[in-house]
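> I'm passing along input-v9.cif; it holds mmCIF, C-alpha atoms.
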```cif
data_target
loop_
_atom_site.label_atom_id
_atom_site.label_comp_id
_atom_site.auth_asym_id
_atom_site.auth_seq_id
_atom_site.Cartn_x
_atom_site.Cartn_y
_atom_site.Cartn_z
CA MET A 1 47.46 83.54 64.43
CA ILE A 2 50.98 84.15 63.19
CA SER A 3 53.42 81.52 61.99
CA VAL A 4 56.21 79.98 64.06
CA GLU A 5 58.75 81.84 61.89
CA GLN A 6 57.00 85.19 62.35
CA ALA A 7 56.88 84.71 66.12
CA PHE A 8 60.56 83.75 66.16
CA GLU A 9 61.65 86.79 64.15
CA LYS A 10 59.46 89.16 66.15
CA ILE A 11 60.81 87.97 69.50
CA LEU A 12 64.45 88.13 68.40
CA SER A 13 63.94 91.65 67.01
CA TYR A 14 63.08 92.84 70.54
CA VAL A 15 65.99 91.11 72.26
CA PRO A 16 69.37 92.89 72.56
CA VAL A 17 72.84 91.42 72.95
CA LEU A 18 73.90 92.16 76.53
CA GLU A 19 77.02 93.99 77.64
CA PRO A 20 80.35 92.28 78.41
CA GLU A 21 81.77 91.50 81.83
CA GLN A 22 85.00 90.13 83.28
CA ALA A 23 84.17 86.73 84.76
CA PRO A 24 86.26 84.05 86.52
CA ILE A 25 87.21 81.54 83.84
CA LEU A 26 85.47 78.61 85.51
CA ASP A 27 82.21 80.59 85.52
CA THR A 28 82.41 81.36 81.78
CA LEU A 29 81.45 77.89 80.57
CA GLY A 30 78.89 78.32 77.79
CA GLN A 31 79.39 82.09 77.53
CA VAL A 32 80.68 83.97 74.50
CA LEU A 33 84.02 85.77 74.35
CA ALA A 34 83.55 89.52 74.01
CA GLU A 35 87.13 90.18 72.85
CA ASP A 36 89.94 88.46 70.99
CA ILE A 37 92.40 86.70 73.31
CA PHE A 38 96.13 87.02 72.57
CA SER A 39 98.97 85.26 74.36
CA ASP A 40 101.64 87.02 76.38
CA ILE A 41 103.76 83.86 76.57
CA ASN A 42 105.05 80.88 74.61
CA ILE A 43 103.54 77.50 75.47
CA PRO A 44 105.61 75.57 76.26
CA PRO A 45 107.98 78.34 77.35
CA LEU A 46 111.10 76.21 76.67
CA ASP A 47 111.97 73.09 74.70
CA ASN A 48 110.97 70.21 76.99
CA ALA A 49 110.95 66.43 77.18
CA ALA A 50 107.93 64.67 75.68
CA MET A 51 108.95 61.40 77.39
CA ASP A 52 110.72 60.20 80.49
CA GLY A 53 114.25 59.30 79.44
CA TYR A 54 117.68 60.81 78.90
CA ALA A 55 118.60 64.11 77.25
CA ILE A 56 121.42 63.40 74.80
CA ARG A 57 123.17 64.55 71.65
CA ALA A 58 121.61 62.70 68.69
CA LYS A 59 124.97 62.31 66.94
CA ASP A 60 126.24 60.28 69.90
CA THR A 61 123.75 57.53 68.95
CA ALA A 62 124.93 57.12 65.34
CA GLU A 63 126.26 53.60 66.04
CA ALA A 64 123.72 52.59 68.72
CA GLY A 65 121.73 49.38 68.41
CA SER A 66 120.07 46.74 70.54
CA LYS A 67 123.18 44.59 70.42
CA THR A 68 125.69 47.44 70.27
CA PRO A 69 124.49 50.02 72.83
CA THR A 70 126.19 53.38 72.99
CA VAL A 71 127.25 53.97 76.59
CA LEU A 72 126.95 57.54 77.87
CA ARG A 73 127.97 59.03 81.19
CA VAL A 74 125.02 60.33 83.26
CA ILE A 75 125.91 63.72 84.76
CA ASP A 76 122.62 64.95 86.25
CA THR A 77 118.89 64.38 86.76
CA VAL A 78 116.25 67.02 85.98
CA ILE A 79 112.54 66.89 86.83
CA ALA A 80 109.57 68.92 85.53
CA GLY A 81 109.67 72.43 86.94
CA ALA A 82 113.46 72.41 87.38
CA ILE A 83 116.29 73.47 85.08
CA SER A 84 119.60 71.62 84.95
CA THR A 85 122.71 73.75 85.34
CA LYS A 86 124.78 71.11 83.53
CA GLU A 87 125.46 71.00 79.79
CA VAL A 88 125.24 67.81 77.76
CA ALA A 89 128.69 67.40 76.23
CA PRO A 90 129.77 64.64 73.81
CA GLY A 91 129.50 61.25 75.49
CA THR A 92 127.23 62.44 78.31
CA ALA A 93 123.50 62.31 79.14
CA ILE A 94 121.14 63.86 81.67
CA ARG A 95 118.28 61.80 83.10
CA ILE A 96 115.08 63.79 82.40
CA MET A 97 111.40 63.57 83.27
CA THR A 98 108.45 64.46 81.01
CA GLY A 99 107.94 68.23 80.84
CA ALA A 100 111.39 69.14 82.14
CA PRO A 101 113.29 71.73 80.06
CA VAL A 102 115.85 70.17 77.72
CA PRO A 103 119.36 70.93 79.07
CA LYS A 104 121.84 72.96 77.07
CA GLY A 105 123.79 70.87 74.57
CA ALA A 106 121.09 68.18 74.16
CA ASP A 107 119.04 67.89 70.97
CA ALA A 108 117.13 64.65 71.59
CA VAL A 109 115.57 62.57 74.37
CA VAL A 110 115.89 58.81 74.36
CA ARG A 111 113.07 56.97 76.13
CA PHE A 112 113.81 54.79 79.15
CA GLU A 113 112.46 51.86 77.10
CA ASP A 114 115.22 52.42 74.50
CA THR A 115 118.01 52.16 77.04
CA ASP A 116 119.42 49.39 79.20
CA GLU A 117 118.30 51.13 82.40
CA THR A 118 116.29 48.10 83.55
CA GLU A 119 119.32 45.80 83.25
CA ARG A 120 121.37 48.28 85.25
CA GLN A 121 119.02 48.25 88.28
CA GLY A 122 121.11 47.81 91.41
CA ALA A 123 124.28 48.64 89.55
CA ALA A 124 126.02 52.00 89.29
CA GLN A 125 123.69 54.54 87.66
CA ASN A 126 126.36 56.89 86.40
CA GLU A 127 126.22 55.31 82.94
CA ILE A 128 123.43 54.37 80.51
CA GLY A 129 123.41 52.34 77.32
CA VAL A 130 121.37 53.70 74.39
CA LEU A 131 119.87 50.90 72.27
CA CYS A 132 118.72 52.82 69.18
CA LYS A 133 119.75 55.59 66.81
CA LEU A 134 117.95 58.92 67.27
CA LYS A 135 117.45 61.96 65.08
CA PRO A 136 117.74 65.56 66.35
CA GLY A 137 114.45 66.67 67.93
CA ALA A 138 113.36 63.17 68.90
CA ASN A 139 110.89 63.22 71.84
CA ILE A 140 111.23 66.98 72.33
CA ARG A 141 108.33 69.45 72.46
CA ARG A 142 109.54 72.74 71.06
CA ALA A 143 109.03 76.10 72.76
CA GLY A 144 105.86 77.71 71.35
CA GLU A 145 104.73 74.42 69.83
CA ASP A 146 101.23 74.97 71.22
CA VAL A 147 101.06 78.76 71.57
CA VAL A 148 103.36 81.45 70.19
CA LYS A 149 103.72 84.66 72.17
CA GLY A 150 101.69 87.51 70.65
CA SER A 151 99.45 85.25 68.55
CA LEU A 152 95.64 85.26 68.46
CA ILE A 153 94.51 82.23 70.46
CA LEU A 154 90.73 82.59 70.89
CA LYS A 155 88.55 84.74 68.65
CA LYS A 156 85.82 87.10 69.80
CA GLY A 157 82.49 85.26 69.53
CA THR A 158 83.91 81.89 70.59
CA VAL A 159 81.55 79.88 72.79
CA ILE A 160 83.57 78.76 75.79
CA ARG A 161 83.77 75.01 76.39
CA PRO A 162 85.96 73.15 78.90
CA ALA A 163 88.82 73.18 76.36
CA GLU A 164 88.69 76.99 76.11
CA VAL A 165 88.66 77.25 79.91
CA GLY A 166 91.83 75.16 79.92
CA VAL A 167 93.41 77.32 77.21
CA LEU A 168 92.65 80.48 79.18
CA ALA A 169 94.21 78.92 82.26
CA SER A 170 97.30 77.90 80.26
CA LEU A 171 97.72 81.57 79.30
CA GLY A 172 97.66 82.52 82.97
CA LYS A 173 94.30 84.29 82.76
CA SER A 174 92.08 84.01 85.82
CA LYS A 175 89.27 86.03 84.21
CA ALA A 176 87.94 86.47 80.69
CA PRO A 177 85.83 89.10 78.90
CA VAL A 178 82.47 87.52 78.06
CA ILE A 179 78.92 88.61 77.23
CA ARG A 180 77.14 88.39 80.55
CA ARG A 181 74.42 85.89 81.28
CA PRO A 182 70.84 87.20 81.15
CA VAL A 183 68.79 87.27 84.32
CA VAL A 184 65.40 85.76 83.46
CA ALA A 185 62.52 86.32 85.85
CA VAL A 186 60.15 83.32 85.98
CA LEU A 187 56.56 83.66 87.17
CA ALA A 188 53.72 81.12 87.23
CA THR A 189 50.10 82.26 87.32
CA GLY A 190 46.94 80.58 88.51
CA ASN A 191 44.78 80.18 91.63
CA GLU A 192 45.12 76.42 91.28
CA LEU A 193 48.86 76.39 91.88
CA VAL A 194 50.54 75.30 95.11
CA GLU A 195 54.24 75.73 95.84
CA VAL A 196 56.24 72.51 96.00
CA GLY A 197 56.90 71.22 99.48
CA LYS A 198 53.53 72.36 100.83
CA PRO A 199 50.39 70.26 101.46
CA LEU A 200 48.20 69.83 98.36
CA PRO A 201 44.55 70.80 98.94
CA PRO A 202 41.78 69.16 96.89
CA GLY A 203 41.43 70.56 93.38
CA ARG A 204 44.89 72.13 93.34
CA ILE A 205 48.15 71.19 91.56
CA TYR A 206 51.81 71.73 92.30
CA ASN A 207 53.64 74.51 90.50
CA SER A 208 55.78 72.47 88.08
CA ASN A 209 56.07 75.12 85.35
CA THR A 210 58.28 77.42 87.40
CA TYR A 211 60.79 74.65 87.91
CA SER A 212 60.82 73.24 84.38
CA VAL A 213 61.14 76.76 82.94
CA ALA A 214 63.78 77.84 85.44
CA ALA A 215 65.71 74.64 84.72
CA LEU A 216 65.57 75.41 80.99
CA VAL A 217 66.80 78.95 81.65
CA LYS A 218 69.73 77.53 83.59
CA ARG A 219 70.41 74.82 81.02
CA TYR A 220 70.75 77.37 78.25
CA GLY A 221 73.03 79.71 80.16
CA GLY A 222 70.67 82.18 81.81
CA ILE A 223 70.26 83.01 85.48
CA PRO A 224 66.71 82.22 86.65
CA LYS A 225 65.06 84.57 89.12
CA ILE A 226 62.01 82.80 90.53
CA LEU A 227 59.15 85.15 91.37
CA GLY A 228 56.77 82.50 92.71
CA ILE A 229 53.05 82.30 91.94
CA ALA A 230 50.68 85.10 90.96
CA LEU A 231 46.98 84.69 91.69
CA ASP A 232 44.39 85.30 88.99
CA THR A 233 43.88 88.91 90.00
CA GLU A 234 45.28 91.99 88.34
CA LYS A 235 46.69 93.25 91.65
CA SER A 236 48.58 90.03 92.43
CA LEU A 237 49.90 89.73 88.89
CA ILE A 238 51.17 93.32 88.75
CA GLU A 239 52.82 93.01 92.18
CA LYS A 240 54.68 89.90 91.09
CA LEU A 241 55.63 91.32 87.71
CA ARG A 242 57.17 94.36 89.36
CA GLN A 243 59.44 92.10 91.40
CA GLY A 244 61.09 91.17 88.12
CA GLN A 245 61.67 94.71 86.87
CA ASP A 246 65.45 94.41 87.19
CA ALA A 247 65.61 91.26 85.02
CA ASP A 248 66.70 91.14 81.38
CA MET A 249 63.69 89.07 80.37
CA LEU A 250 60.43 88.02 81.97
CA ILE A 251 58.79 84.65 81.35
CA THR A 252 55.33 83.87 82.69
CA SER A 253 53.35 80.67 82.33
CA GLY A 254 49.56 80.58 82.18
CA GLY A 255 47.04 83.35 81.80
CA VAL A 256 47.34 83.77 78.02
CA SER A 257 44.31 81.79 76.80
CA ALA A 258 40.78 83.08 76.29
CA GLY A 259 39.34 82.18 79.71
CA ASP A 260 37.71 84.64 82.09
CA TYR A 261 40.73 84.61 84.38
CA ASP A 262 43.46 84.48 81.74
CA MET A 263 44.65 88.02 82.18
CA VAL A 264 48.37 88.07 81.48
CA LYS A 265 47.87 89.56 78.03
CA ASP A 266 45.48 92.18 79.45
CA VAL A 267 47.96 93.24 82.11
CA LEU A 268 50.67 93.32 79.45
CA ALA A 269 48.63 95.79 77.48
CA LYS A 270 48.34 98.04 80.55
CA GLU A 271 51.87 97.68 81.90
CA GLY A 272 53.71 97.63 78.60
CA GLU A 273 53.09 96.53 75.03
CA ILE A 274 51.70 93.34 73.54
CA THR A 275 52.92 92.30 70.11
CA PHE A 276 51.09 89.02 69.48
CA TRP A 277 49.29 86.36 71.47
CA THR A 278 48.57 83.34 69.27
CA VAL A 279 50.89 81.20 67.14
CA ARG A 280 49.89 78.60 64.53
CA MET A 281 51.39 75.65 66.38
CA LYS A 282 50.41 72.70 68.59
CA PRO A 283 51.06 72.53 71.46
CA GLY A 284 51.53 76.21 72.27
CA LYS A 285 48.89 78.18 70.36
CA PRO A 286 48.25 80.70 73.19
CA LEU A 287 51.64 82.44 73.33
CA ALA A 288 51.86 86.11 74.26
CA PHE A 289 54.83 88.33 73.58
CA GLY A 290 55.53 91.99 74.24
CA THR A 291 57.43 94.26 76.57
CA ILE A 292 56.81 95.40 80.10
CA LYS A 293 58.11 98.37 82.07
CA GLY A 294 61.38 97.66 83.82
CA SER A 295 63.61 99.54 86.21
CA LYS A 296 65.38 102.74 85.14
CA GLY A 297 63.00 103.34 82.25
CA ARG A 298 63.88 100.10 80.49
CA SER A 299 61.50 97.90 78.51
CA ILE A 300 61.86 94.21 79.34
CA PRO A 301 60.97 91.55 76.75
CA HIS A 302 58.13 89.45 78.12
CA LEU A 303 57.19 86.00 76.90
CA GLY A 304 53.89 84.64 78.14
CA LEU A 305 53.99 80.85 77.83
CA PRO A 306 50.87 78.67 77.94
CA GLY A 307 49.92 77.16 81.28
CA ASN A 308 49.89 73.53 80.18
CA PRO A 309 53.30 72.13 81.13
CA VAL A 310 54.16 70.51 77.78
CA SER A 311 53.09 73.63 75.87
CA SER A 312 55.22 75.70 78.21
CA MET A 313 58.34 73.61 77.60
CA VAL A 314 57.89 73.27 73.84
CA THR A 315 57.35 77.01 73.33
CA PHE A 316 60.34 77.75 75.56
CA GLU A 317 62.54 75.58 73.33
CA LEU A 318 61.32 77.33 70.19
CA PHE A 319 61.29 80.94 71.37
CA ALA A 320 62.80 81.60 74.82
CA ARG A 321 65.93 79.52 74.19
CA PRO A 322 67.00 81.47 71.07
CA ALA A 323 66.18 84.75 72.83
CA ILE A 324 68.50 83.81 75.70
CA PHE A 325 71.16 82.79 73.21
CA LYS A 326 70.93 86.11 71.38
CA MET A 327 71.29 88.02 74.65
CA MET A 328 74.43 85.98 75.36
CA GLY A 329 75.91 86.84 71.96
CA LYS A 330 75.45 83.40 70.42
CA LYS A 331 74.75 82.95 66.72
CA ASN A 332 73.48 79.38 66.38
CA PHE A 333 69.82 79.22 67.37
CA ALA A 334 68.44 76.16 65.58
CA LYS A 335 68.35 72.83 67.34
CA PRO A 336 69.99 70.00 65.38
CA ALA A 337 67.48 67.96 63.39
CA VAL A 338 67.59 64.49 61.87
CA GLU A 339 65.47 62.64 59.36
CA ALA A 340 63.84 59.60 60.91
CA THR A 341 61.42 56.90 59.84
CA LEU A 342 58.15 57.26 61.74
CA GLU A 343 56.96 54.04 63.35
CA GLU A 344 53.33 55.05 63.95
CA PRO A 345 50.94 57.53 62.30
CA ILE A 346 50.38 61.15 63.36
CA ALA A 347 47.21 63.12 62.56
CA ASN A 348 47.11 66.90 62.12
CA THR A 349 43.48 67.90 62.39
CA ASP A 350 43.47 71.69 62.55
CA GLY A 351 46.10 73.06 60.19
CA ARG A 352 48.73 74.02 62.75
CA ARG A 353 52.37 73.02 62.88
CA VAL A 354 52.50 70.09 65.27
CA PHE A 355 55.43 69.20 67.50
CA VAL A 356 55.09 65.58 68.55
CA ARG A 357 57.04 64.15 71.48
CA THR A 358 59.03 61.18 70.29
CA ILE A 359 61.74 58.74 71.23
CA VAL A 360 64.43 58.65 68.54
CA GLU A 361 66.71 55.63 68.20
CA LYS A 362 69.42 54.75 65.70
CA ARG A 363 69.31 51.23 64.31
CA GLY A 364 71.31 49.90 61.39
CA GLY A 365 72.66 53.35 60.60
CA LYS A 366 69.19 54.95 60.35
CA PHE A 367 67.07 56.96 62.77
CA TYR A 368 63.62 55.79 63.84
CA ALA A 369 61.02 57.73 65.81
CA ARG A 370 58.13 56.49 67.89
CA LEU A 371 55.66 58.48 69.98
CA THR A 372 56.10 58.71 73.73
CA GLY A 373 52.43 57.83 74.17
CA PRO A 374 49.38 60.09 74.57
CA GLN A 375 50.18 63.62 73.39
CA GLY A 376 47.98 65.70 75.70
CA SER A 377 49.60 69.03 76.56
CA GLY A 378 49.15 68.34 80.26
CA ILE A 379 51.15 65.08 80.19
CA LEU A 380 54.49 66.38 81.46
CA THR A 381 55.98 62.88 81.76
CA SER A 382 55.86 62.68 77.95
CA MET A 383 58.56 65.39 77.86
CA SER A 384 60.62 63.34 80.27
CA LEU A 385 60.42 60.37 77.91
CA ALA A 386 61.12 62.37 74.73
CA ASN A 387 64.49 63.11 73.18
CA GLY A 388 63.03 64.70 70.06
CA LEU A 389 60.05 66.50 68.55
CA VAL A 390 58.69 65.32 65.21
CA ILE A 391 57.66 68.38 63.21
CA VAL A 392 54.46 67.99 61.18
CA PRO A 393 53.91 70.90 58.74
CA GLU A 394 50.71 72.95 58.81
CA ASP A 395 49.58 71.74 55.39
CA LYS A 396 50.00 68.02 56.10
CA ALA A 397 46.88 66.39 57.51
CA GLU A 398 48.49 63.06 58.29
CA VAL A 399 51.90 61.43 58.48
CA LYS A 400 51.76 57.70 57.94
CA ALA A 401 53.88 55.06 59.59
CA GLY A 402 56.96 54.43 57.47
CA GLU A 403 57.24 58.00 56.21
CA VAL A 404 60.45 59.94 56.77
CA VAL A 405 59.96 62.92 59.09
CA ASN A 406 62.05 65.81 60.36
CA VAL A 407 62.85 65.57 64.08
CA MET A 408 64.22 68.37 66.26
CA MET A 409 66.59 66.78 68.76
CA LEU A 410 66.05 68.13 72.26
CA ASP A 411 69.27 67.00 73.91
CA TRP A 412 71.82 67.83 71.20
CA ASN A 413 73.40 71.23 71.49
CA GLU A 414 73.23 73.88 68.79
CA GLU A 415 76.88 73.55 67.80
CA VAL A 416 76.22 70.13 66.26
CA GLU A 417 76.04 70.40 62.46
CA LEU A 418 74.38 67.58 60.56
#
```
Let me see the structure of the file written as structure tokens.

Amino acid sequence: MISVEQAFEKILSYVPVLEPEQAPILDTLGQVLAEDIFSDINIPPLDNAAMDGYAIRAKDTAEAGSKTPTVLRVIDTVIAGAISTKEVAPGTAIRIMTGAPVPKGADAVVRFEDTDETERQGAAQNEIGVLCKLKPGANIRRAGEDVVKGSLILKKGTVIRPAEVGVLASLGKSKAPVIRRPVVAVLATGNELVEVGKPLPPGRIYNSNTYSVAALVKRYGGIPKILGIALDTEKSLIEKLRQGQDADMLITSGGVSAGDYDMVKDVLAKEGEITFWTVRMKPGKPLAFGTIKGSKGRSIPHLGLPGNPVSSMVTFELFARPAIFKMMGKKNFAKPAVEATLEEPIANTDGRRVFVRTIVEKRGGKFYARLTGPQGSGILTSMSLANGLVIVPEDKAEVKAGEVVNVMMLDWNEEVEL
């Protein structure tokens, strides 16, 4: 058996960063920018009103007050998206809406609330009283305040979030250069498996692994390509594997233990290369990794996950997730972890690193962790209950209730730094 760290390093050493593509900006969420992004424009393009009000000359308000309003003549109205052809001269004002370009001659905007507009309702609207003194620049957003033309706005390597999508749109870009998403072929193996939606014969189980693994692929930015179910025969397995030859990575579940019909690692040895097939961890000891022949002479990284559904999901989180991230050009692979007080004991009986499904809660400013219940690797509902995995080191035979433990948080993204 090799260590978790050795398996991690070995897998990542086989996985390349994929090539860039031009993608519609809304499709780039979670992808990584392949180039620096510069702006061709100023944002905003012109000085504009930050408030609804009146564009004025600040010096005209030098004597204004709530009891001594300065009365100005209103010569125009301008809305967002329009430009006034009038100039604000001494003693005049232009009614202006938020976002509208500031008219020539004006150097401040007085808010509606700081005028007597309400008192003038129903009366002539060709005048307005200003109730406060303003300084030049008041309530004005300057041209280029957000973005200056020619400046670097988003750096290569940036992970695109909704904010970056909005920034790209504000620059007028409908597409962006990003590292493409990996296509990950997903295959379940086993004579006992039945496809969901079909009748369930006695002694058989539904194929849950394909769907939990494919969902994880999708969650972490990949494109799942579901290959279905391979029977426990070399012919069936090879036929299914060859349907995934155009993928960037192949993930199988089942067939990597020591049973008579666990043949994934044997087929790997014939169809490609096997690098290792056991890891010192629980759940997830039987984990095969290598490469398999792909289309156009390529070698495809292949990760053979255990068949038990919990083992499959835990090993995916530890090894497949960072591999997908590397292919996408991401740099942060480690899940955020917290220190939590354990509320019940955990035994480690065979010297492996144990990942225990737990429910983590924060109370009184501290984290606490309790087990989800029985920890059998076939109890998939325990993963549904868990939001973290307590990590018990190989050399620790027992963790007692009340001890502080390290917990890998399953639902926090990798950009969180603690």
> If we count only C-alpha atoms, what is near stretch 165-180 of chain A at a cut-off of 10 Å, once residues fewer than 3 positions away on the same chain are taken out, given as a PyMOL selection string?
chain A and resi 17-44+147+149+153-154+156-162+183+221-222+327-330
> Evaluate the PyMOL selection byres ((chain A and resi 241) around 10) on the structure here and hand back the selected residues as a ChimeraX atom specification.
/A:185-187,227,230,235-240,242-245,250-252,267-268,271,292-294
> Using only C-alpha atoms, please write the residues we just selected to a file, as a PDB file, keeping the file's coordinate frame.

```pdb
ATOM      1  CA  ALA A 185      62.520  86.320  85.850  1.00  0.00           C
ATOM      2  CA  VAL A 186      60.150  83.320  85.980  1.00  0.00           C
ATOM      3  CA  LEU A 187      56.560  83.660  87.170  1.00  0.00           C
ATOM      4  CA  LEU A 227      59.150  85.150  91.370  1.00  0.00           C
ATOM      5  CA  ALA A 230      50.680  85.100  90.960  1.00  0.00           C
ATOM      6  CA  LYS A 235      46.690  93.250  91.650  1.00  0.00           C
ATOM      7  CA  SER A 236      48.580  90.030  92.430  1.00  0.00           C
ATOM      8  CA  LEU A 237      49.900  89.730  88.890  1.00  0.00           C
ATOM      9  CA  ILE A 238      51.170  93.320  88.750  1.00  0.00           C
ATOM     10  CA  GLU A 239      52.820  93.010  92.180  1.00  0.00           C
ATOM     11  CA  LYS A 240      54.680  89.900  91.090  1.00  0.00           C
ATOM     12  CA  ARG A 242      57.170  94.360  89.360  1.00  0.00           C
ATOM     13  CA  GLN A 243      59.440  92.100  91.400  1.00  0.00           C
ATOM     14  CA  GLY A 244      61.090  91.170  88.120  1.00  0.00           C
ATOM     15  CA  GLN A 245      61.670  94.710  86.870  1.00  0.00           C
ATOM     16  CA  LEU A 250      60.430  88.020  81.970  1.00  0.00           C
ATOM     17  CA  ILE A 251      58.790  84.650  81.350  1.00  0.00           C
ATOM     18  CA  THR A 252      55.330  83.870  82.690  1.00  0.00           C
ATOM     19  CA  VAL A 267      47.960  93.240  82.110  1.00  0.00           C
ATOM     20  CA  LEU A 268      50.670  93.320  79.450  1.00  0.00           C
ATOM     21  CA  GLU A 271      51.870  97.680  81.900  1.00  0.00           C
ATOM     22  CA  ILE A 292      56.810  95.400  80.100  1.00  0.00           C
ATOM     23  CA  LYS A 293      58.110  98.370  82.070  1.00  0.00           C
ATOM     24  CA  GLY A 294      61.380  97.660  83.820  1.00  0.00           C
TER      25      GLY A 294
END
```
> Looking at A:Asn126, A:Ser13, A:Thr315, A:Thr189, which one is nearest to A:Val279, with distances taken over only C-alpha atoms?
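The shortest atom-to-atom distance to A:Val279 comes from A:Thr315.
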> May I have the protein, DNA and RNA residues with any atom at most 12 Å from the point (52.3, 67.3, 59.5), counting only C-alpha atoms, written as a ChimeraX atom specification?
/A:281-282,342,345-356,389-400,403-407
> Taking the file as I've supplied it (selection: the PyMOL selection byres ((chain A and resi 91-102) around 7)), which residues are included? Please answer as a PyMOL selection string.
chain A and resi 46-56+60+72-83+88-90+103-104+106
> Might you spell out which residues the PyMOL selection byres ((chain A and resi 332) around 7) would select in the displayed file, as a PDB file with C-alpha atoms, in the frame of the given file?

```pdb
ATOM      1  CA  LYS A 330      75.450  83.400  70.420  1.00  0.00           C
ATOM      2  CA  LYS A 331      74.750  82.950  66.720  1.00  0.00           C
ATOM      3  CA  PHE A 333      69.820  79.220  67.370  1.00  0.00           C
ATOM      4  CA  ALA A 334      68.440  76.160  65.580  1.00  0.00           C
ATOM      5  CA  GLU A 414      73.230  73.880  68.790  1.00  0.00           C
ATOM      6  CA  GLU A 415      76.880  73.550  67.800  1.00  0.00           C
TER       7      GLU A 415
END
```
> Give me, please, the distance in Å between atom CA of A:Ile226 and atom CA of A:Asn209, quoted to one decimal.
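One can read the atom CA of A:Ile226 to atom CA of A:Asn209 distance as 11.0 Å.
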> Between atom CA of A:Thr118 and atom CA of A:Ala138, what distance in Å does the model show, to one decimal?
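Interatomic distance, atom CA of A:Thr118 to atom CA of A:Ala138: 21.2 Å.
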> Taking (62.8, 59.6, 66.6) as a centre in this file's frame and 6 Å as the limit, can you find every polymer residue with an atom that close, using all atoms listed in the file, and give them as a ChimeraX atom specification?
/A:340,358-361,368-370
> At what distance in Å, to one decimal, does atom CA of A:Ala143 lie from atom CA of A:Lys155?
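Distance between the two atoms: 22.6 Å.
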> Of the candidates A:Gly376, A:Asp266, A:Asn191, A:Gly144, which shows the shortest atom-to-atom distance to A:Leu231, using only C-alpha atoms?
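The answer is A:Asn191, which sits nearest to A:Leu231.
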> Counting only C-alpha atoms, which of A:Gly297, A:Glu145, A:Gly255, A:Trp277 gets nearest to A:Thr233?
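The closest residue to A:Thr233 is A:Gly255.
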